[in-house]
file start.txt (compact mmCIF, C-alpha atoms and all ligand atoms)
# COMPACT_ATOMS: atom_id res chain seq x y z
CA MET A 1 20.96 -11.48 4.42
CA THR A 2 17.17 -11.59 4.36
CA ARG A 3 15.11 -13.45 1.81
CA PHE A 4 11.49 -13.06 0.92
CA THR A 5 9.22 -12.55 -2.09
CA VAL A 6 8.43 -9.19 -3.64
CA ASN A 7 5.87 -9.02 -6.42
CA ASP A 8 6.15 -12.77 -7.06
CA ARG A 9 9.93 -12.68 -7.34
CA PRO A 10 12.37 -14.02 -4.74
CA VAL A 11 14.61 -11.28 -3.37
CA GLN A 12 17.69 -11.19 -1.15
CA TYR A 13 18.80 -8.04 0.60
CA ARG A 14 22.34 -7.69 1.91
CA MET A 15 21.32 -4.85 4.18
CA ASP A 16 21.12 -4.51 7.94
CA PRO A 17 18.18 -6.76 8.94
CA ASP A 18 16.85 -3.87 11.03
CA THR A 19 16.43 -1.74 7.89
CA PRO A 20 12.79 -0.81 7.33
CA LEU A 21 11.26 -2.67 4.38
CA LEU A 22 10.35 0.70 2.86
CA TRP A 23 13.99 1.56 2.17
CA ALA A 24 14.85 -1.83 0.68
CA LEU A 25 11.90 -1.54 -1.68
CA ARG A 26 12.71 2.02 -2.72
CA ASP A 27 16.51 2.09 -2.66
CA ALA A 28 17.52 -1.49 -3.50
CA SER A 29 14.60 -2.61 -5.67
CA ASN A 30 13.66 0.77 -7.19
CA LEU A 31 10.01 0.20 -6.30
CA THR A 32 9.39 3.88 -5.71
CA GLY A 33 5.60 3.67 -5.85
CA THR A 34 5.79 2.91 -2.13
CA LYS A 35 6.12 6.40 -0.66
CA TYR A 36 7.83 7.87 2.36
CA GLY A 37 5.66 10.30 4.25
CA CYS A 38 6.32 10.26 7.98
CA GLY A 39 8.46 7.25 8.83
CA THR A 40 6.52 6.82 12.06
CA GLY A 41 3.63 4.63 10.95
CA ASP A 42 1.09 7.44 10.96
CA CYS A 43 0.45 8.48 7.35
CA GLY A 44 0.15 5.18 5.43
CA ALA A 45 1.93 6.47 2.31
CA CYS A 46 4.20 3.42 2.53
CA THR A 47 1.39 0.82 2.69
CA VAL A 48 2.13 -2.51 1.02
CA ASP A 49 0.42 -5.89 1.11
CA ILE A 50 2.22 -8.52 3.16
CA ASP A 51 0.54 -11.92 3.16
CA GLY A 52 -2.83 -10.26 2.53
CA GLU A 53 -2.51 -7.59 5.23
CA ALA A 54 -2.09 -3.86 4.69
CA VAL A 55 1.24 -3.09 6.35
CA ARG A 56 3.16 0.17 6.74
CA ALA A 57 6.51 -0.62 5.22
CA CYS A 58 8.31 1.98 7.34
CA GLN A 59 7.34 0.04 10.46
CA VAL A 60 8.44 -3.48 9.51
CA SER A 61 12.08 -4.51 9.28
CA LEU A 62 13.69 -6.78 6.74
CA ALA A 63 14.11 -9.39 9.48
CA GLN A 64 10.37 -9.26 10.18
CA THR A 65 9.67 -9.73 6.47
CA GLU A 66 11.81 -12.88 6.14
CA GLY A 67 9.95 -15.61 4.24
CA ARG A 68 6.85 -13.52 3.59
CA PHE A 69 5.10 -12.39 0.39
CA VAL A 70 5.13 -8.67 -0.31
CA THR A 71 3.08 -6.97 -3.00
CA THR A 72 3.66 -3.33 -3.89
CA ILE A 73 1.59 -0.94 -5.98
CA GLU A 74 3.74 -1.81 -9.01
CA ALA A 75 2.38 -5.37 -9.07
CA LEU A 76 -1.22 -4.79 -8.09
CA SER A 77 -2.08 -4.82 -11.78
CA PRO A 78 0.13 -4.94 -14.87
CA ASP A 79 -1.87 -2.19 -16.59
CA ARG A 80 -3.40 -0.16 -13.74
CA GLY A 81 -6.55 -2.12 -14.45
CA HIS A 82 -7.21 -3.29 -10.91
CA PRO A 83 -10.81 -2.43 -9.95
CA VAL A 84 -9.58 -0.12 -7.19
CA GLN A 85 -7.31 1.75 -9.59
CA GLN A 86 -10.10 2.04 -12.14
CA ALA A 87 -12.52 3.31 -9.49
CA PHE A 88 -9.99 5.86 -8.20
CA ALA A 89 -9.67 7.22 -11.76
CA ALA A 90 -13.43 7.21 -12.36
CA GLU A 91 -14.10 9.09 -9.11
CA ASN A 92 -11.19 11.53 -9.65
CA VAL A 93 -9.86 10.64 -6.20
CA SER A 94 -6.32 11.84 -6.71
CA GLN A 95 -5.39 15.44 -6.02
CA CYS A 96 -1.65 15.86 -5.41
CA GLY A 97 -1.37 12.09 -5.73
CA TYR A 98 1.34 11.40 -3.16
CA CYS A 99 -0.79 9.28 -0.83
CA ILE A 100 -2.64 7.42 -3.59
CA PRO A 101 -0.45 4.28 -3.90
CA GLY A 102 -0.80 3.62 -0.18
CA MET A 103 -4.52 4.34 -0.31
CA VAL A 104 -4.98 1.93 -3.23
CA MET A 105 -3.07 -0.83 -1.44
CA ALA A 106 -5.09 -0.37 1.76
CA ALA A 107 -8.36 -0.29 -0.20
CA SER A 108 -7.49 -3.45 -2.13
CA VAL A 109 -6.86 -5.32 1.12
CA LEU A 110 -10.15 -4.05 2.59
CA LEU A 111 -12.16 -5.10 -0.47
CA ARG A 112 -10.75 -8.61 -0.46
CA ARG A 113 -12.33 -9.03 2.97
CA ASN A 114 -15.49 -7.02 2.46
CA ASN A 115 -16.69 -6.07 -1.01
CA ASP A 116 -19.53 -3.88 0.24
CA PRO A 117 -18.10 -1.71 3.03
CA GLY A 118 -20.02 1.23 4.47
CA ASP A 119 -18.52 4.57 5.47
CA GLU A 120 -17.73 3.44 9.00
CA GLU A 121 -15.98 0.30 7.79
CA ILE A 122 -14.01 2.28 5.24
CA ASP A 123 -12.98 4.88 7.80
CA ALA A 124 -11.93 2.15 10.25
CA ALA A 125 -9.89 0.25 7.66
CA ILE A 126 -8.32 3.15 5.76
CA THR A 127 -6.42 5.15 8.34
CA ASN A 128 -4.07 6.62 5.74
CA ILE A 129 -3.73 10.39 5.86
CA CYS A 130 -4.30 12.73 2.91
CA ARG A 131 -3.38 16.38 3.23
CA CYS A 132 -5.64 17.25 0.26
CA GLY A 133 -8.72 15.87 2.01
CA ILE A 134 -9.83 13.37 -0.61
CA TYR A 135 -11.81 11.30 1.88
CA PRO A 136 -15.34 11.74 0.40
CA ARG A 137 -14.10 10.74 -3.07
CA LEU A 138 -12.06 7.95 -1.55
CA ARG A 139 -15.18 6.45 0.05
CA GLY A 140 -17.04 6.72 -3.26
CA ALA A 141 -14.25 4.97 -5.14
CA ILE A 142 -14.02 2.13 -2.66
CA LYS A 143 -17.77 1.57 -2.89
CA ARG A 144 -17.60 1.66 -6.68
CA ALA A 145 -14.71 -0.83 -6.74
CA GLY A 146 -16.58 -3.14 -4.39
FE1 LIG B 1 5.15 4.83 6.70
FE2 LIG B 1 4.11 7.30 6.96
S1 LIG B 1 5.86 6.68 5.82
S2 LIG B 1 3.31 5.43 7.70
call {"tool": "encode", "arguments": {"input": "start.txt", "output": "structure tokens", "more": "lines below"}}
Ligand code: FES
result
Amino acid sequence: MTRFTVNDRPVQYRMDPDTPLLWALRDASNLTGTKYGCGTGDCGACTVDIDGEAVRACQVSLAQTEGRFVTTIEALSPDRGHPVQQAFAAENVSQCGYCIPGMVMAASVLLRRNNDPGDEEIDAAITNICRCGIYPRLRGAIKRAG
């Protein structure tokens, strides 16, 4: 059994400790805002915040999450009122929308460290992939949220 905190609540998972965090969140906790895209750590659709770091939940096991604090898109804001979420809406960032939760989580971590990032800093920090090509609007939203 592994124990840690998800969205300010203690959780226990009776799953194989090698199970990727992504599947515990989605299948056991029904936190389906964290998306599965590639399963190989490349796309970032599964990005969550673990202890203030943007982490790809498909690449970290339950054992590696033991004792840590996980925040998913569901708890970033109770009313979608987080500045990043508001800026994404104002800049019409979303197209198909599938990558957006991971993008928002990665952007929120970036802006906690640097509230005035330039294009190069944004591109270096947000390595999430979007098949719709939202990157110019994404940069605008991150600057607006900052
Ligand atoms: Fe985790 Fe793509 S599903 S990085």
call {"tool": "residues_near_ligand", "arguments": {"input": "start.txt", "ligand": "ligand LIG 1 (chain B)", "cutoff": "6 Å", "atoms": "only C-alpha atoms and all ligand atoms", "output": "list of chain:residue names"}}
result
A:Tyr36, A:Gly37, A:Cys38, A:Gly39, A:Thr40, A:Gly41, A:Asp42, A:Cys43, A:Gly44, A:Ala45, A:Cys46, A:Arg56, A:Ala57, A:Cys58
call {"tool": "residues_near_point", "arguments": {"input": "start.txt", "point": "(-12.9, 10.7, -2.9)", "cutoff": "12 Å", "atoms": "only C-alpha atoms", "output": "list in words"}}
result
Ala87, Phe88, Ala89, Ala90, Glu91, Asn92, Val93, Ser94, Gln95, Gly97, Ile100, Met103, Val104, Asp119, Ile122, Cys130, Cys132, Gly133, Ile134, Tyr135, Pro136, Arg137, Leu138, Arg139, Gly140, Ala141, Ile142, Lys143 and Arg144 of chain A
call {"tool": "closest_residue", "arguments": {"input": "start.txt", "among": "A:Ala75, A:Cys99, A:Val70, A:Leu110", "to": "Ile129 in chain A", "atoms": "all atoms listed in the file"}}
result
A:Cys99
call {"tool": "atom_distance", "arguments": {"input": "start.txt", "atom1": "CA of Gly33 in chain A", "atom2": "CA of Val60 in chain A"}}
result
17.2 Å
call {"tool": "atom_distance", "arguments": {"input": "start.txt", "atom1": "CA of Thr34 in chain A", "atom2": "CA of Thr47 in chain A"}}
result
6.9 Å
call {"tool": "residues_around", "arguments": {"input": "start.txt", "residues": "Ser29 in chain A", "least_positions_apart": "6", "cutoff": "12 Å", "atoms": "all atoms listed in the file", "output": "number ranges by chain"}}
result
A: 5-7, 9-14, 21-23, 72, 74
call {"tool": "write_last_selection", "arguments": {"input": "start.txt", "atoms": "C-alpha atoms", "output": "PDB file, in the coordinates of the input"}}
result
ATOM      1  CA  THR A   5       9.220 -12.550  -2.090  1.00  0.00           C
ATOM      2  CA  VAL A   6       8.430  -9.190  -3.640  1.00  0.00           C
ATOM      3  CA  ASN A   7       5.870  -9.020  -6.420  1.00  0.00           C
ATOM      4  CA  ARG A   9       9.930 -12.680  -7.340  1.00  0.00           C
ATOM      5  CA  PRO A  10      12.370 -14.020  -4.740  1.00  0.00           C
ATOM      6  CA  VAL A  11      14.610 -11.280  -3.370  1.00  0.00           C
ATOM      7  CA  GLN A  12      17.690 -11.190  -1.150  1.00  0.00           C
ATOM      8  CA  TYR A  13      18.800  -8.040   0.600  1.00  0.00           C
ATOM      9  CA  ARG A  14      22.340  -7.690   1.910  1.00  0.00           C
ATOM     10  CA  LEU A  21      11.260  -2.670   4.380  1.00  0.00           C
ATOM     11  CA  LEU A  22      10.350   0.700   2.860  1.00  0.00           C
ATOM     12  CA  TRP A  23      13.990   1.560   2.170  1.00  0.00           C
ATOM     13  CA  THR A  72       3.660  -3.330  -3.890  1.00  0.00           C
ATOM     14  CA  GLU A  74       3.740  -1.810  -9.010  1.00  0.00           C
TER      15      GLU A  74
END
call {"tool": "closest_residue", "arguments": {"input": "start.txt", "among": "A:Gln64, A:Thr127, A:Thr71, A:Asn30", "to": "Asp51 in chain A", "atoms": "all atoms listed in the file"}}
result
A:Thr71
call {"tool": "build_atoms", "arguments": {"input": "start.txt", "residues": "range 75-108 of chain A", "atoms": "N, CA and C atoms", "output": "PDB file, in the frame of the given file"}}
result
ATOM      1  N   ALA A  75       2.831  -4.042  -8.639  1.00  0.00           N
ATOM      2  CA  ALA A  75       2.380  -5.370  -9.070  1.00  0.00           C
ATOM      3  C   ALA A  75       0.899  -5.598  -8.812  1.00  0.00           C
ATOM      4  N   LEU A  76       0.201  -4.578  -8.354  1.00  0.00           N
ATOM      5  CA  LEU A  76      -1.220  -4.790  -8.090  1.00  0.00           C
ATOM      6  C   LEU A  76      -1.942  -5.150  -9.382  1.00  0.00           C
ATOM      7  N   SER A  77      -1.513  -4.526 -10.463  1.00  0.00           N
ATOM      8  CA  SER A  77      -2.080  -4.820 -11.780  1.00  0.00           C
ATOM      9  C   SER A  77      -1.035  -4.462 -12.816  1.00  0.00           C
ATOM     10  N   PRO A  78      -0.890  -5.263 -13.868  1.00  0.00           N
ATOM     11  CA  PRO A  78       0.130  -4.940 -14.870  1.00  0.00           C
ATOM     12  C   PRO A  78      -0.191  -3.686 -15.675  1.00  0.00           C
ATOM     13  N   ASP A  79      -1.469  -3.301 -15.719  1.00  0.00           N
ATOM     14  CA  ASP A  79      -1.870  -2.190 -16.590  1.00  0.00           C
ATOM     15  C   ASP A  79      -2.725  -1.148 -15.872  1.00  0.00           C
ATOM     16  N   ARG A  80      -2.585  -1.064 -14.565  1.00  0.00           N
ATOM     17  CA  ARG A  80      -3.400  -0.160 -13.740  1.00  0.00           C
ATOM     18  C   ARG A  80      -4.879  -0.478 -13.884  1.00  0.00           C
ATOM     19  N   GLY A  81      -5.161  -1.728 -14.216  1.00  0.00           N
ATOM     20  CA  GLY A  81      -6.550  -2.120 -14.450  1.00  0.00           C
ATOM     21  C   GLY A  81      -7.216  -2.766 -13.258  1.00  0.00           C
ATOM     22  N   HIS A  82      -6.568  -2.746 -12.110  1.00  0.00           N
ATOM     23  CA  HIS A  82      -7.210  -3.290 -10.910  1.00  0.00           C
ATOM     24  C   HIS A  82      -8.489  -2.493 -10.636  1.00  0.00           C
ATOM     25  N   PRO A  83      -9.556  -3.154 -10.195  1.00  0.00           N
ATOM     26  CA  PRO A  83     -10.810  -2.430  -9.950  1.00  0.00           C
ATOM     27  C   PRO A  83     -10.655  -1.212  -9.037  1.00  0.00           C
ATOM     28  N   VAL A  84      -9.773  -1.283  -8.066  1.00  0.00           N
ATOM     29  CA  VAL A  84      -9.580  -0.120  -7.190  1.00  0.00           C
ATOM     30  C   VAL A  84      -8.930   1.026  -7.971  1.00  0.00           C
ATOM     31  N   GLN A  85      -7.953   0.704  -8.790  1.00  0.00           N
ATOM     32  CA  GLN A  85      -7.310   1.750  -9.590  1.00  0.00           C
ATOM     33  C   GLN A  85      -8.293   2.367 -10.584  1.00  0.00           C
ATOM     34  N   GLN A  86      -9.111   1.525 -11.199  1.00  0.00           N
ATOM     35  CA  GLN A  86     -10.100   2.040 -12.140  1.00  0.00           C
ATOM     36  C   GLN A  86     -11.117   2.938 -11.425  1.00  0.00           C
ATOM     37  N   ALA A  87     -11.539   2.525 -10.240  1.00  0.00           N
ATOM     38  CA  ALA A  87     -12.520   3.310  -9.490  1.00  0.00           C
ATOM     39  C   ALA A  87     -11.917   4.636  -9.018  1.00  0.00           C
ATOM     40  N   PHE A  88     -10.642   4.612  -8.603  1.00  0.00           N
ATOM     41  CA  PHE A  88      -9.990   5.860  -8.200  1.00  0.00           C
ATOM     42  C   PHE A  88      -9.959   6.839  -9.365  1.00  0.00           C
ATOM     43  N   ALA A  89      -9.693   6.339 -10.578  1.00  0.00           N
ATOM     44  CA  ALA A  89      -9.670   7.220 -11.760  1.00  0.00           C
ATOM     45  C   ALA A  89     -11.080   7.718 -12.066  1.00  0.00           C
ATOM     46  N   ALA A  90     -12.057   6.828 -12.017  1.00  0.00           N
ATOM     47  CA  ALA A  90     -13.430   7.210 -12.360  1.00  0.00           C
ATOM     48  C   ALA A  90     -13.991   8.240 -11.395  1.00  0.00           C
ATOM     49  N   GLU A  91     -13.601   8.158 -10.137  1.00  0.00           N
ATOM     50  CA  GLU A  91     -14.100   9.090  -9.110  1.00  0.00           C
ATOM     51  C   GLU A  91     -13.177  10.290  -8.925  1.00  0.00           C
ATOM     52  N   ASN A  92     -12.151  10.406  -9.758  1.00  0.00           N
ATOM     53  CA  ASN A  92     -11.190  11.530  -9.650  1.00  0.00           C
ATOM     54  C   ASN A  92     -10.684  11.696  -8.215  1.00  0.00           C
ATOM     55  N   VAL A  93     -10.288  10.591  -7.605  1.00  0.00           N
ATOM     56  CA  VAL A  93      -9.860  10.640  -6.200  1.00  0.00           C
ATOM     57  C   VAL A  93      -8.590  11.453  -6.023  1.00  0.00           C
ATOM     58  N   SER A  94      -7.646  11.268  -6.923  1.00  0.00           N
ATOM     59  CA  SER A  94      -6.320  11.840  -6.710  1.00  0.00           C
ATOM     60  C   SER A  94      -6.324  13.355  -6.815  1.00  0.00           C
ATOM     61  N   GLN A  95      -5.592  14.000  -5.910  1.00  0.00           N
ATOM     62  CA  GLN A  95      -5.390  15.440  -6.020  1.00  0.00           C
ATOM     63  C   GLN A  95      -3.889  15.657  -6.223  1.00  0.00           C
ATOM     64  N   CYS A  96      -3.102  15.782  -5.159  1.00  0.00           N
ATOM     65  CA  CYS A  96      -1.650  15.860  -5.410  1.00  0.00           C
ATOM     66  C   CYS A  96      -1.090  14.495  -5.784  1.00  0.00           C
ATOM     67  N   GLY A  97      -1.719  13.436  -5.302  1.00  0.00           N
ATOM     68  CA  GLY A  97      -1.370  12.090  -5.730  1.00  0.00           C
ATOM     69  C   GLY A  97      -0.388  11.344  -4.846  1.00  0.00           C
ATOM     70  N   TYR A  98       0.254  12.042  -3.909  1.00  0.00           N
ATOM     71  CA  TYR A  98       1.340  11.400  -3.160  1.00  0.00           C
ATOM     72  C   TYR A  98       0.871  10.218  -2.327  1.00  0.00           C
ATOM     73  N   CYS A  99      -0.295  10.335  -1.730  1.00  0.00           N
ATOM     74  CA  CYS A  99      -0.790   9.280  -0.830  1.00  0.00           C
ATOM     75  C   CYS A  99      -1.494   8.154  -1.568  1.00  0.00           C
ATOM     76  N   ILE A 100      -1.742   8.332  -2.855  1.00  0.00           N
ATOM     77  CA  ILE A 100      -2.640   7.420  -3.590  1.00  0.00           C
ATOM     78  C   ILE A 100      -2.139   5.965  -3.632  1.00  0.00           C
ATOM     79  N   PRO A 101      -0.850   5.698  -3.897  1.00  0.00           N
ATOM     80  CA  PRO A 101      -0.450   4.280  -3.900  1.00  0.00           C
ATOM     81  C   PRO A 101      -0.772   3.570  -2.586  1.00  0.00           C
ATOM     82  N   GLY A 102      -0.495   4.228  -1.478  1.00  0.00           N
ATOM     83  CA  GLY A 102      -0.800   3.620  -0.180  1.00  0.00           C
ATOM     84  C   GLY A 102      -2.291   3.455   0.029  1.00  0.00           C
ATOM     85  N   MET A 103      -3.057   4.438  -0.415  1.00  0.00           N
ATOM     86  CA  MET A 103      -4.520   4.340  -0.310  1.00  0.00           C
ATOM     87  C   MET A 103      -5.039   3.165  -1.129  1.00  0.00           C
ATOM     88  N   VAL A 104      -4.526   3.023  -2.338  1.00  0.00           N
ATOM     89  CA  VAL A 104      -4.980   1.930  -3.230  1.00  0.00           C
ATOM     90  C   VAL A 104      -4.636   0.582  -2.604  1.00  0.00           C
ATOM     91  N   MET A 105      -3.445   0.459  -2.043  1.00  0.00           N
ATOM     92  CA  MET A 105      -3.070  -0.830  -1.440  1.00  0.00           C
ATOM     93  C   MET A 105      -3.965  -1.132  -0.237  1.00  0.00           C
ATOM     94  N   ALA A 106      -4.221  -0.138   0.595  1.00  0.00           N
ATOM     95  CA  ALA A 106      -5.090  -0.370   1.760  1.00  0.00           C
ATOM     96  C   ALA A 106      -6.502  -0.713   1.319  1.00  0.00           C
ATOM     97  N   ALA A 107      -6.993  -0.027   0.286  1.00  0.00           N
ATOM     98  CA  ALA A 107      -8.360  -0.290  -0.200  1.00  0.00           C
ATOM     99  C   ALA A 107      -8.464  -1.685  -0.810  1.00  0.00           C
ATOM    100  N   SER A 108      -7.433  -2.114  -1.505  1.00  0.00           N
ATOM    101  CA  SER A 108      -7.490  -3.450  -2.130  1.00  0.00           C
ATOM    102  C   SER A 108      -7.536  -4.537  -1.065  1.00  0.00           C
TER     103      SER A 108
END
